[in-house]
$ cat protein-v4.csv   # CSV, C-alpha atoms and all ligand atoms
chain,number,residue,atom,x,y,z
A,982,MET,CA,12.3,-50.1,-39.3
A,983,SER,CA,15.3,-50.5,-37.0
A,984,THR,CA,18.9,-49.5,-37.6
A,985,VAL,CA,22.0,-50.4,-35.6
A,986,ILE,CA,25.1,-48.1,-35.8
A,987,ASP,CA,27.9,-50.5,-35.0
A,988,ARG,CA,31.6,-50.2,-34.3
A,989,ILE,CA,31.5,-46.5,-33.2
A,990,GLY,CA,35.0,-45.6,-32.2
A,991,LEU,CA,33.8,-42.7,-30.0
A,992,LEU,CA,30.2,-42.0,-29.0
A,993,VAL,CA,29.2,-38.7,-27.4
A,994,THR,CA,26.1,-39.5,-25.3
A,995,ASN,CA,25.7,-36.4,-23.1
A,996,ASP,CA,23.8,-38.8,-20.8
A,997,PRO,CA,24.2,-37.7,-17.1
A,998,ALA,CA,23.6,-41.4,-16.1
A,999,ILE,CA,26.8,-42.3,-17.9
A,1000,GLY,CA,29.0,-39.4,-16.7
A,1001,PRO,CA,29.4,-35.6,-16.7
A,1002,GLY,CA,29.6,-33.5,-19.8
A,1003,THR,CA,29.9,-35.4,-23.0
A,1004,ALA,CA,29.8,-38.7,-21.2
A,1005,GLU,CA,31.7,-40.6,-23.9
A,1006,LEU,CA,31.7,-44.3,-24.7
A,1007,ARG,CA,34.4,-46.0,-26.8
A,1008,ASN,CA,33.8,-49.0,-29.1
A,1009,ALA,CA,30.0,-48.5,-28.9
A,1010,ALA,CA,26.8,-49.2,-30.8
A,1011,VAL,CA,23.4,-47.6,-30.9
A,1012,LEU,CA,20.1,-49.2,-31.9
A,1013,ILE,CA,17.4,-46.9,-33.5
A,1014,ASP,CA,13.9,-48.3,-33.6
A,1015,ASP,CA,11.1,-46.2,-35.2
A,1016,GLY,CA,12.9,-43.0,-34.6
A,1017,VAL,CA,13.7,-43.6,-31.0
A,1018,ILE,CA,16.9,-44.8,-29.4
A,1019,ALA,CA,16.2,-48.3,-28.2
A,1020,TRP,CA,19.6,-49.5,-27.0
A,1021,VAL,CA,23.1,-48.1,-26.3
A,1022,GLY,CA,26.1,-50.2,-25.3
A,1023,GLU,CA,29.3,-52.0,-26.3
A,1024,ALA,CA,29.7,-52.8,-30.0
A,1025,ASP,CA,30.4,-56.5,-29.2
A,1026,ARG,CA,26.9,-56.8,-27.8
A,1027,ALA,CA,25.0,-54.9,-30.4
A,1028,PRO,CA,21.6,-56.3,-31.2
A,1029,ALA,CA,20.4,-57.3,-34.7
A,1030,ALA,CA,18.4,-54.8,-36.7
A,1031,ASP,CA,16.8,-54.3,-40.2
A,1032,GLU,CA,19.8,-52.2,-41.2
A,1033,ARG,CA,23.4,-52.3,-40.0
A,1034,VAL,CA,25.7,-49.2,-40.4
A,1035,ASP,CA,29.4,-49.9,-39.8
A,1036,ALA,CA,30.9,-46.8,-38.3
A,1037,ARG,CA,34.4,-48.2,-38.8
A,1038,GLY,CA,35.8,-46.6,-35.7
A,1039,ARG,CA,34.5,-43.1,-36.5
A,1040,CYS,CA,32.8,-40.7,-34.1
A,1041,VAL,CA,29.1,-40.4,-33.5
A,1042,ILE,CA,27.5,-37.4,-31.7
A,1043,PRO,CA,24.0,-36.3,-31.0
A,1044,GLY,CA,22.5,-34.1,-33.7
A,1045,PHE,CA,23.2,-30.4,-33.2
A,1046,VAL,CA,20.5,-28.4,-31.5
A,1047,ASP,CA,20.5,-24.9,-33.0
A,1048,SER,CA,18.5,-23.0,-30.4
A,1049,HIS,CA,18.7,-19.6,-32.1
A,1050,SER,CA,17.9,-18.8,-35.7
A,1051,HIS,CA,16.0,-16.3,-37.8
A,1052,LEU,CA,15.1,-18.2,-40.9
A,1053,MET,CA,11.8,-16.4,-41.7
A,1054,PHE,CA,13.2,-13.6,-43.9
A,1055,ALA,CA,13.7,-12.6,-47.5
A,1056,GLY,CA,16.6,-10.9,-49.2
A,1057,ASP,CA,20.3,-10.8,-49.0
A,1058,ARG,CA,22.6,-8.3,-47.2
A,1059,ALA,CA,26.0,-9.4,-48.6
A,1060,ASP,CA,26.7,-5.8,-49.6
A,1061,GLU,CA,26.3,-4.6,-46.0
A,1062,PHE,CA,28.7,-7.4,-44.9
A,1063,GLU,CA,31.2,-6.3,-47.5
A,1064,TYR,CA,31.0,-2.6,-46.3
A,1065,ARG,CA,31.3,-3.7,-42.7
A,1066,MET,CA,34.4,-5.7,-43.4
A,1067,ALA,CA,35.8,-2.5,-45.0
A,1068,GLY,CA,35.4,-0.7,-41.7
A,1069,ARG,CA,31.7,0.4,-41.3
A,1070,PRO,CA,30.3,-0.5,-37.8
A,1071,TYR,CA,27.3,-2.8,-37.2
A,1072,SER,CA,24.1,-1.3,-35.9
A,1073,ALA,CA,20.8,-2.9,-35.2
A,1074,GLY,CA,19.2,-0.7,-37.9
A,1075,GLY,CA,20.0,-3.1,-40.7
A,1076,ILE,CA,17.2,-5.3,-39.5
A,1077,ARG,CA,14.7,-2.8,-40.9
A,1078,ARG,CA,16.0,-3.5,-44.4
A,1079,THR,CA,15.2,-7.1,-44.1
A,1080,VAL,CA,11.8,-6.2,-42.7
A,1081,GLY,CA,10.9,-4.4,-45.9
A,1082,LEU,CA,12.0,-7.3,-48.1
A,1083,THR,CA,10.2,-9.8,-45.9
A,1084,ARG,CA,6.9,-7.9,-45.9
A,1085,ALA,CA,7.1,-7.8,-49.7
A,1086,ALA,CA,7.8,-11.6,-50.1
A,1087,SER,CA,5.1,-14.2,-50.9
A,1088,ASP,CA,4.3,-17.1,-48.5
A,1089,GLU,CA,6.0,-19.4,-51.0
A,1090,GLY,CA,9.1,-17.2,-51.1
A,1091,LEU,CA,9.4,-17.2,-47.3
A,1092,ARG,CA,8.8,-20.9,-47.0
A,1093,GLY,CA,11.2,-21.8,-49.8
A,1094,ASN,CA,14.0,-19.8,-48.2
A,1095,ALA,CA,13.5,-21.4,-44.8
A,1096,VAL,CA,13.2,-24.9,-46.2
A,1097,ALA,CA,16.5,-24.5,-48.2
A,1098,LEU,CA,18.3,-23.2,-45.1
A,1099,LEU,CA,16.9,-26.1,-43.0
A,1100,ALA,CA,18.2,-28.5,-45.6
A,1101,GLU,CA,21.6,-26.8,-45.5
A,1102,MET,CA,21.6,-27.2,-41.7
A,1103,ARG,CA,20.6,-30.8,-41.8
A,1104,ARG,CA,23.5,-31.7,-44.2
A,1105,GLN,CA,25.8,-30.1,-41.6
A,1106,GLY,CA,24.4,-32.2,-38.7
A,1107,THR,CA,21.8,-30.0,-37.2
A,1108,THR,CA,18.6,-31.9,-36.4
A,1109,THR,CA,16.6,-29.6,-34.1
A,1110,VAL,CA,16.2,-25.9,-35.0
A,1111,GLU,CA,14.5,-23.0,-33.3
A,1112,ILE,CA,13.0,-20.4,-35.7
A,1113,LYS,CA,12.1,-16.9,-34.8
A,1114,SER,CA,9.8,-14.4,-36.5
A,1115,GLY,CA,10.9,-10.7,-36.2
A,1116,TYR,CA,11.1,-9.5,-39.8
A,1117,GLY,CA,7.4,-8.8,-40.2
A,1118,LEU,CA,6.7,-6.5,-37.3
A,1119,THR,CA,3.0,-6.1,-38.2
A,1120,VAL,CA,0.2,-8.2,-36.8
A,1121,ASP,CA,-0.3,-10.1,-40.1
A,1122,ASP,CA,3.3,-10.4,-41.1
A,1123,GLU,CA,4.4,-11.8,-37.7
A,1124,ALA,CA,1.5,-14.2,-37.6
A,1125,ARG,CA,2.3,-15.3,-41.1
A,1126,ALA,CA,6.0,-15.9,-40.4
A,1127,LEU,CA,5.1,-18.0,-37.3
A,1128,ARG,CA,2.4,-20.0,-39.1
A,1129,ILE,CA,4.9,-21.0,-41.8
A,1130,ALA,CA,7.7,-21.6,-39.3
A,1131,SER,CA,5.4,-23.9,-37.3
A,1132,GLU,CA,5.1,-26.1,-40.4
A,1133,LEU,CA,8.9,-26.6,-40.2
A,1134,THR,CA,9.7,-26.9,-36.4
A,1135,SER,CA,7.9,-27.2,-33.0
A,1136,GLU,CA,10.4,-24.6,-31.7
A,1137,THR,CA,8.9,-21.4,-32.9
A,1138,THR,CA,9.6,-18.0,-31.3
A,1139,TYR,CA,7.6,-14.8,-31.5
A,1140,LEU,CA,10.0,-11.9,-31.9
A,1141,GLY,CA,7.7,-9.0,-32.7
A,1142,ALA,CA,10.1,-7.1,-30.4
A,1143,HIS,CA,13.1,-7.5,-32.7
A,1144,VAL,CA,13.4,-3.8,-33.5
A,1145,VAL,CA,11.0,-0.8,-33.5
A,1146,PRO,CA,9.7,-0.6,-37.1
A,1147,THR,CA,10.1,2.7,-39.0
A,1148,GLU,CA,6.4,3.6,-38.8
A,1149,PHE,CA,6.6,3.5,-35.0
A,1150,ALA,CA,9.9,5.4,-34.7
A,1151,ASP,CA,8.2,8.3,-32.8
A,1152,ASP,CA,5.9,6.0,-30.8
A,1153,VAL,CA,7.9,3.2,-29.2
A,1154,GLY,CA,5.3,2.9,-26.4
A,1155,GLY,CA,2.6,2.4,-29.1
A,1156,TYR,CA,4.6,-0.4,-30.7
A,1157,VAL,CA,5.1,-2.1,-27.3
A,1158,ASP,CA,1.4,-2.0,-26.8
A,1159,LEU,CA,0.9,-3.6,-30.2
A,1160,VAL,CA,3.6,-6.3,-29.5
A,1161,THR,CA,1.9,-7.2,-26.2
A,1162,GLY,CA,-1.6,-6.8,-27.6
A,1163,ALA,CA,-3.0,-7.6,-31.0
A,1164,MET,CA,0.3,-8.9,-32.4
A,1165,LEU,CA,0.8,-11.3,-29.5
A,1166,GLU,CA,-2.8,-12.6,-29.8
A,1167,ALA,CA,-2.2,-13.4,-33.5
A,1168,ALA,CA,1.2,-14.9,-33.0
A,1169,ALA,CA,0.6,-17.0,-29.9
A,1170,PRO,CA,-1.3,-19.8,-31.5
A,1171,HIS,CA,1.8,-20.5,-33.7
A,1172,ALA,CA,4.5,-20.0,-31.2
A,1173,ARG,CA,6.1,-21.8,-28.2
A,1174,TRP,CA,8.4,-18.9,-27.1
A,1175,ILE,CA,8.5,-15.2,-26.9
A,1176,ASP,CA,11.8,-13.2,-27.3
A,1177,VAL,CA,12.9,-9.6,-27.1
A,1178,PHE,CA,16.0,-7.8,-28.3
A,1179,CYS,CA,17.0,-5.9,-25.1
A,1180,GLU,CA,19.7,-3.5,-26.3
A,1181,THR,CA,20.4,0.2,-27.0
A,1182,GLY,CA,18.6,0.9,-30.3
A,1183,ALA,CA,16.0,-1.8,-29.7
A,1184,PHE,CA,14.0,-2.3,-26.4
A,1185,ASP,CA,15.0,-1.2,-22.8
A,1186,VAL,CA,14.7,-3.3,-19.7
A,1187,ASP,CA,11.2,-2.0,-18.7
A,1188,GLN,CA,9.8,-2.7,-22.2
A,1189,ALA,CA,11.5,-6.1,-22.3
A,1190,ARG,CA,9.9,-7.0,-18.9
A,1191,ALA,CA,6.4,-6.0,-20.1
A,1192,ILE,CA,6.8,-7.9,-23.4
A,1193,LEU,CA,8.0,-11.1,-21.7
A,1194,LEU,CA,5.4,-11.0,-19.0
A,1195,ALA,CA,2.7,-10.5,-21.6
A,1196,GLY,CA,4.0,-13.5,-23.5
A,1197,GLU,CA,4.1,-15.7,-20.4
A,1198,ALA,CA,0.5,-14.7,-19.7
A,1199,ALA,CA,-0.4,-15.9,-23.2
A,1200,GLY,CA,1.3,-19.3,-22.5
A,1201,LEU,CA,4.7,-18.6,-24.2
A,1202,GLY,CA,8.1,-19.4,-22.6
A,1203,ALA,CA,10.5,-16.5,-22.3
A,1204,ARG,CA,13.9,-16.1,-24.0
A,1205,MET,CA,15.9,-13.0,-24.7
A,1206,HIS,CA,18.6,-11.3,-26.9
A,1207,ALA,CA,20.9,-9.3,-24.6
A,1208,GLY,CA,24.5,-8.2,-24.1
A,1209,GLN,CA,25.3,-8.1,-27.9
A,1210,LEU,CA,26.5,-4.5,-28.2
A,1211,GLY,CA,27.0,-3.5,-24.6
A,1212,GLU,CA,26.0,-4.3,-21.0
A,1213,SER,CA,22.4,-3.8,-20.1
A,1214,GLY,CA,20.0,-5.0,-17.4
A,1215,GLY,CA,18.7,-7.5,-19.9
A,1216,VAL,CA,20.7,-10.5,-18.7
A,1217,GLN,CA,19.7,-10.1,-15.1
A,1218,LEU,CA,16.1,-9.6,-16.1
A,1219,ALA,CA,16.2,-12.8,-18.1
A,1220,VAL,CA,17.5,-14.7,-15.0
A,1221,GLU,CA,15.0,-13.0,-12.7
A,1222,LEU,CA,12.1,-14.0,-15.0
A,1223,GLY,CA,13.4,-17.6,-15.3
A,1224,ALA,CA,13.8,-17.3,-19.0
A,1225,ALA,CA,14.9,-20.5,-20.7
A,1226,ALA,CA,17.9,-18.7,-22.3
A,1227,VAL,CA,19.5,-15.3,-22.8
A,1228,ASP,CA,21.4,-15.1,-26.0
A,1229,HIS,CA,24.6,-13.2,-27.1
A,1230,CYS,CA,26.1,-12.5,-23.6
A,1231,THR,CA,29.0,-10.9,-25.2
A,1232,PHE,CA,29.1,-7.9,-22.8
A,1233,LEU,CA,28.5,-9.0,-19.2
A,1234,SER,CA,29.1,-7.3,-15.9
A,1235,ASP,CA,30.3,-9.4,-12.9
A,1236,ALA,CA,26.7,-9.3,-11.6
A,1237,ASP,CA,25.4,-10.7,-14.9
A,1238,VAL,CA,27.9,-13.6,-14.7
A,1239,ASP,CA,27.0,-14.2,-11.0
A,1240,ALA,CA,23.3,-14.2,-11.9
A,1241,LEU,CA,23.8,-16.7,-14.8
A,1242,GLY,CA,25.9,-18.9,-12.5
A,1243,ALA,CA,23.2,-19.0,-9.8
A,1244,GLY,CA,20.1,-19.1,-12.1
A,1245,THR,CA,18.5,-21.6,-14.4
A,1246,THR,CA,18.7,-19.5,-17.5
A,1247,VAL,CA,21.1,-20.8,-20.2
A,1248,ALA,CA,23.7,-18.4,-21.6
A,1249,THR,CA,23.7,-19.0,-25.4
A,1250,LEU,CA,26.8,-17.7,-27.2
A,1251,LEU,CA,26.5,-16.9,-30.9
A,1252,PRO,CA,30.1,-16.5,-32.1
A,1253,GLY,CA,29.0,-16.3,-35.8
A,1254,VAL,CA,27.8,-12.8,-34.9
A,1255,GLU,CA,31.2,-11.6,-33.5
A,1256,PHE,CA,32.9,-13.2,-36.5
A,1257,SER,CA,30.6,-11.5,-39.0
A,1258,THR,CA,30.5,-8.1,-37.3
A,1259,ARG,CA,34.1,-8.0,-36.2
A,1260,GLN,CA,33.2,-7.5,-32.5
A,1261,PRO,CA,35.0,-8.9,-29.5
A,1262,TYR,CA,34.1,-12.5,-28.7
A,1263,PRO,CA,32.2,-13.5,-25.5
A,1264,ASP,CA,34.2,-15.2,-22.8
A,1265,ALA,CA,32.8,-18.7,-22.3
A,1266,ARG,CA,35.5,-19.6,-19.7
A,1267,ARG,CA,34.2,-16.8,-17.4
A,1268,LEU,CA,30.6,-18.2,-17.6
A,1269,LEU,CA,31.7,-21.8,-17.2
A,1270,SER,CA,33.8,-21.0,-14.2
A,1271,ALA,CA,30.8,-19.3,-12.6
A,1272,GLY,CA,28.8,-22.5,-13.1
A,1273,ALA,CA,26.5,-21.2,-15.9
A,1274,THR,CA,25.1,-23.5,-18.5
A,1275,VAL,CA,26.4,-22.5,-21.9
A,1276,ALA,CA,24.9,-23.2,-25.3
A,1277,LEU,CA,26.2,-22.5,-28.8
A,1278,ALA,CA,23.9,-21.5,-31.7
A,1279,THR,CA,24.3,-20.0,-35.1
A,1280,ASP,CA,21.9,-17.0,-34.9
A,1281,CYS,CA,21.5,-17.7,-38.6
A,1282,ASN,CA,20.2,-14.4,-40.1
A,1283,PRO,CA,20.9,-12.4,-43.2
A,1284,GLY,CA,22.5,-9.4,-41.3
A,1285,SER,CA,24.8,-10.2,-38.5
A,1286,SER,CA,25.6,-13.9,-38.8
A,1287,PHE,CA,24.6,-15.7,-42.1
A,1288,THR,CA,26.1,-19.0,-41.2
A,1289,SER,CA,24.1,-22.2,-40.7
A,1290,SER,CA,27.1,-24.2,-39.5
A,1291,MET,CA,27.2,-25.4,-35.9
A,1292,ALA,CA,30.6,-26.9,-36.7
A,1293,PHE,CA,31.9,-23.4,-37.5
A,1294,CYS,CA,30.6,-22.1,-34.2
A,1295,ILE,CA,32.4,-24.9,-32.4
A,1296,ALA,CA,35.6,-24.1,-34.2
A,1297,VAL,CA,35.4,-20.4,-33.2
A,1298,ALA,CA,34.3,-21.3,-29.6
A,1299,VAL,CA,37.4,-23.5,-29.2
A,1300,ARG,CA,39.8,-21.0,-30.8
A,1301,ASP,CA,38.4,-17.7,-29.4
A,1302,LEU,CA,35.8,-18.2,-26.6
A,1303,GLY,CA,38.0,-20.4,-24.4
A,1304,MET,CA,36.0,-23.6,-24.6
A,1305,THR,CA,37.5,-27.1,-24.8
A,1306,PRO,CA,36.3,-29.2,-27.8
A,1307,ALA,CA,34.3,-31.3,-25.4
A,1308,GLU,CA,32.6,-28.2,-23.8
A,1309,ALA,CA,31.9,-26.8,-27.2
A,1310,VAL,CA,30.3,-30.0,-28.7
A,1311,TRP,CA,28.2,-30.3,-25.5
A,1312,ALA,CA,27.1,-26.7,-25.8
A,1313,ALA,CA,26.1,-27.3,-29.4
A,1314,THR,CA,24.0,-30.4,-28.6
A,1315,ALA,CA,22.9,-30.8,-24.9
A,1316,GLY,CA,23.4,-27.0,-24.3
A,1317,GLY,CA,21.0,-26.2,-27.1
A,1318,ALA,CA,18.5,-28.7,-25.8
A,1319,ALA,CA,18.7,-27.1,-22.3
A,1320,ALA,CA,18.1,-23.7,-23.9
A,1321,LEU,CA,14.9,-25.1,-25.4
A,1322,ARG,CA,14.0,-27.0,-22.2
A,1323,ARG,CA,14.2,-30.2,-24.1
A,1324,ASP,CA,15.4,-33.5,-22.6
A,1325,ASP,CA,14.6,-35.7,-25.6
A,1326,VAL,CA,17.2,-34.3,-28.0
A,1327,GLY,CA,20.9,-33.5,-27.8
A,1328,VAL,CA,21.4,-36.7,-25.9
A,1329,VAL,CA,22.0,-40.4,-26.8
A,1330,ARG,CA,20.0,-42.5,-24.3
A,1331,VAL,CA,17.3,-45.1,-24.4
A,1332,GLY,CA,14.0,-43.4,-25.0
A,1333,ALA,CA,15.4,-40.2,-26.5
A,1334,THR,CA,14.5,-39.1,-30.0
A,1335,ALA,CA,17.0,-40.6,-32.5
A,1336,GLN,CA,19.0,-37.7,-33.8
A,1337,LEU,CA,22.6,-38.8,-34.4
A,1338,VAL,CA,25.4,-37.7,-36.6
A,1339,LEU,CA,28.2,-40.0,-37.9
A,1340,LEU,CA,31.3,-38.0,-38.5
A,1341,GLU,CA,34.0,-38.6,-41.2
A,1342,ALA,CA,36.5,-38.3,-38.3
A,1343,PRO,CA,37.6,-40.3,-35.3
A,1344,SER,CA,36.7,-37.5,-32.9
A,1345,TYR,CA,34.6,-34.3,-32.6
A,1346,VAL,CA,37.9,-32.5,-31.9
A,1347,HIS,CA,38.2,-32.4,-35.7
A,1348,PHE,CA,35.4,-29.7,-35.8
A,1349,ALA,CA,38.0,-27.3,-34.4
A,1350,TYR,CA,41.1,-29.0,-35.7
A,1351,ARG,CA,39.9,-29.1,-39.3
A,1352,PRO,CA,37.8,-25.8,-39.5
A,1353,GLY,CA,35.6,-25.4,-42.5
A,1354,VAL,CA,35.9,-29.0,-43.6
A,1355,PRO,CA,32.6,-30.9,-44.1
A,1356,LEU,CA,32.9,-33.7,-41.5
A,1357,VAL,CA,29.4,-35.1,-41.5
A,1358,SER,CA,29.1,-38.5,-43.1
A,1359,ARG,CA,25.5,-39.3,-42.3
A,1360,VAL,CA,22.7,-37.8,-40.4
A,1361,PHE,CA,20.1,-40.1,-38.6
A,1362,ALA,CA,16.9,-38.2,-37.8
A,1363,SER,CA,13.3,-38.6,-38.7
B,1401,ZN,ZN,19.2,-13.4,-32.9
$ encode --input "protein-v4.csv" --output "structure tokens"
Amino acid sequence: MSTVIDRIGLLVTNDPAIGPGTAELRNAAVLIDDGVIAWVGEADRAPAADERVDARGRCVIPGFVDSHSHLMFAGDRADEFEYRMAGRPYSAGGIRRTVGLTRAASDEGLRGNAVALLAEMRRQGTTTVEIKSGYGLTVDDEARALRIASELTSETTYLGAHVVPTEFADDVGGYVDLVTGAMLEAAAPHARWIDVFCETGAFDVDQARAILLAGEAAGLGARMHAGQLGESGGVQLAVELGAAAVDHCTFLSDADVDALGAGTTVATLLPGVEFSTRQPYPDARRLLSAGATVALATDCNPGSSFTSSMAFCIAVAVRDLGMTPAEAVWAATAGGAAALRRDDVGVVRVGATAQLVLLEAPSYVHFAYRPGVPLVSRVFAS
């Protein structure tokens, strides 16, 4: 089965062979053959195909790559959000409430919730999604979350080190031993990545280092949550260990920014969190000026950021993080792919996986210019 998308007014390719950044083409066409991009070029020279889609001058972008989500959970924390908006501060402790509900859920309940959220993401143009565990926090519950997540995506992340569960409140060292021992052993067969929440109230730098090194020894790639609530050594640890990404990066020292500028670790910004917790936004301009690679992701989770919309994240990034629309759309596509060390998604080039989104708009600028408006006309992805 082949499909040609013809008469594309503006095509974002993100293909370095075409140009820097979004590497845009005007009056373009793309041929998809059996789920792979088979041809990219001028609309006038578009090849024939089984199906022809007339873009009528509208914009096509690569599908969004959401490199940070927590979809394996049960329950709802709308009441907590409501209280927070009325002035109560956010703390990492709310995670424990979801842990209780997730442990009590059936496999079908967990799977059904994640499948519904993935469908919601897909309708909004997201075609690659990373999914973390982290609301089980027992050997069996973490392994279960990852086993179910691995049915839904290849980008699964073991986050046993999300928060110290209540039953280990007086024995954090014992919990780190579990996370790096029996829990890792049970989780690793279902995971590609390991992650740790390095923050006051969660895990410190020494614990984070031990956890990520244990994960790497078990064959998992490293990624990290750091800099959400304050500066810590987590960001520089992530760069030092060559982690694929360090996520949040809201509070950064100059040394953190320098390290991200010089290293290979992607700085993933999650502006849905600051929106939903009423915290100060991260400064994307500062990171971009330092030469860091910046990604945008939703951090979709029931506590601190229950949005599944990459378009919303782009709108906030443009308005409040100091990004141009082109930088934001790149960060939400190619940036997310870089954060997952993928070169086959987030890009429109011959040989890449066909993940494309036709917008009901002439330009991706409309994501920020028309915030909250559903702009996805059609999603092409197998
Ligand atoms: Zn997160």
$ residues_around --input "protein-v4.csv" --residues "region 987-993 of chain A" --least-positions-apart "4" --cutoff "6 Å" --atoms "all atoms listed in the file" --output "JSON, numbers by chain"
{"A": [1003, 1005, 1006, 1007, 1008, 1009, 1010, 1024, 1034, 1035, 1036, 1037, 1038, 1039, 1040, 1041, 1042]}
$ residues_around --input "protein-v4.csv" --residues "region 1263-1265 of chain A" --least-positions-apart "5" --cutoff "9 Å" --atoms "only C-alpha atoms" --output "number ranges by chain"
A: 1229-1233, 1250-1252, 1255, 1270, 1275, 1298, 1301-1304
$ closest_residue --input "protein-v4.csv" --among "A:Ala1273, A:Ala1318, A:Leu1201, A:Val1254" --to "Cys1294 (chain A)" --atoms "only C-alpha atoms"
A:Val1254
$ residues_near_ligand --input "protein-v4.csv" --ligand "ligand ZN 1401 (chain B)" --cutoff "9 Å" --atoms "all atoms listed in the file" --output "CSV table (one decimal) with C-alpha atoms, keeping the file's coordinate frame"
chain,number,residue,atom,x,y,z
A,1049,HIS,CA,18.7,-19.6,-32.1
A,1050,SER,CA,17.9,-18.8,-35.7
A,1051,HIS,CA,16.0,-16.3,-37.8
A,1113,LYS,CA,12.1,-16.9,-34.8
A,1143,HIS,CA,13.1,-7.5,-32.7
A,1178,PHE,CA,16.0,-7.8,-28.3
A,1205,MET,CA,15.9,-13.0,-24.7
A,1206,HIS,CA,18.6,-11.3,-26.9
A,1228,ASP,CA,21.4,-15.1,-26.0
A,1229,HIS,CA,24.6,-13.2,-27.1
A,1251,LEU,CA,26.5,-16.9,-30.9
A,1254,VAL,CA,27.8,-12.8,-34.9
A,1279,THR,CA,24.3,-20.0,-35.1
A,1280,ASP,CA,21.9,-17.0,-34.9
A,1281,CYS,CA,21.5,-17.7,-38.6
A,1282,ASN,CA,20.2,-14.4,-40.1
A,1285,SER,CA,24.8,-10.2,-38.5
A,1286,SER,CA,25.6,-13.9,-38.8
$ residues_around --input "protein-v4.csv" --residues "region 1336-1344 of chain A" --least-positions-apart "5" --cutoff "10 Å" --atoms "only C-alpha atoms" --output "number ranges by chain"
A: 986, 989-994, 1011, 1013, 1016-1018, 1034, 1036-1046, 1103-1109, 1306, 1325-1329, 1350-1351, 1355-1363
$ atom_distance --input "protein-v4.csv" --atom1 "CA of Met982 (chain A)" --atom2 "CA of Glu1032 (chain A)"
8.0 Å
$ build_atoms --input "protein-v4.csv" --residues "region 1263-1275 of chain A" --atoms "N, CA and C atoms" --output "PDB file, in the coordinates of the input"
ATOM      1  N   PRO A1263      32.585 -13.256 -26.921  1.00  0.00           N
ATOM      2  CA  PRO A1263      32.200 -13.500 -25.500  1.00  0.00           C
ATOM      3  C   PRO A1263      33.264 -14.405 -24.855  1.00  0.00           C
ATOM      4  N   ASP A1264      33.287 -14.368 -23.526  1.00  0.00           N
ATOM      5  CA  ASP A1264      34.200 -15.200 -22.800  1.00  0.00           C
ATOM      6  C   ASP A1264      33.508 -16.355 -22.136  1.00  0.00           C
ATOM      7  N   ALA A1265      33.527 -17.473 -22.832  1.00  0.00           N
ATOM      8  CA  ALA A1265      32.800 -18.700 -22.300  1.00  0.00           C
ATOM      9  C   ALA A1265      33.441 -19.166 -21.034  1.00  0.00           C
ATOM     10  N   ARG A1266      34.764 -19.036 -20.927  1.00  0.00           N
ATOM     11  CA  ARG A1266      35.500 -19.600 -19.700  1.00  0.00           C
ATOM     12  C   ARG A1266      34.919 -18.899 -18.459  1.00  0.00           C
ATOM     13  N   ARG A1267      34.688 -17.579 -18.569  1.00  0.00           N
ATOM     14  CA  ARG A1267      34.200 -16.800 -17.400  1.00  0.00           C
ATOM     15  C   ARG A1267      32.819 -17.359 -16.982  1.00  0.00           C
ATOM     16  N   LEU A1268      31.969 -17.676 -17.955  1.00  0.00           N
ATOM     17  CA  LEU A1268      30.600 -18.200 -17.600  1.00  0.00           C
ATOM     18  C   LEU A1268      30.727 -19.615 -17.079  1.00  0.00           C
ATOM     19  N   LEU A1269      31.552 -20.447 -17.688  1.00  0.00           N
ATOM     20  CA  LEU A1269      31.700 -21.800 -17.200  1.00  0.00           C
ATOM     21  C   LEU A1269      32.253 -21.878 -15.821  1.00  0.00           C
ATOM     22  N   SER A1270      33.229 -21.014 -15.551  1.00  0.00           N
ATOM     23  CA  SER A1270      33.800 -21.000 -14.200  1.00  0.00           C
ATOM     24  C   SER A1270      32.825 -20.567 -13.161  1.00  0.00           C
ATOM     25  N   ALA A1271      31.855 -19.748 -13.563  1.00  0.00           N
ATOM     26  CA  ALA A1271      30.800 -19.300 -12.600  1.00  0.00           C
ATOM     27  C   ALA A1271      29.717 -20.324 -12.441  1.00  0.00           C
ATOM     28  N   GLY A1272      29.775 -21.409 -13.218  1.00  0.00           N
ATOM     29  CA  GLY A1272      28.800 -22.500 -13.100  1.00  0.00           C
ATOM     30  C   GLY A1272      27.556 -22.274 -13.990  1.00  0.00           C
ATOM     31  N   ALA A1273      27.653 -21.358 -14.963  1.00  0.00           N
ATOM     32  CA  ALA A1273      26.500 -21.200 -15.900  1.00  0.00           C
ATOM     33  C   ALA A1273      26.453 -22.299 -16.899  1.00  0.00           C
ATOM     34  N   THR A1274      25.249 -22.583 -17.378  1.00  0.00           N
ATOM     35  CA  THR A1274      25.100 -23.500 -18.500  1.00  0.00           C
ATOM     36  C   THR A1274      25.211 -22.738 -19.775  1.00  0.00           C
ATOM     37  N   VAL A1275      26.117 -23.197 -20.647  1.00  0.00           N
ATOM     38  CA  VAL A1275      26.400 -22.500 -21.900  1.00  0.00           C
ATOM     39  C   VAL A1275      25.976 -23.285 -23.092  1.00  0.00           C
TER      40      VAL A1275
END
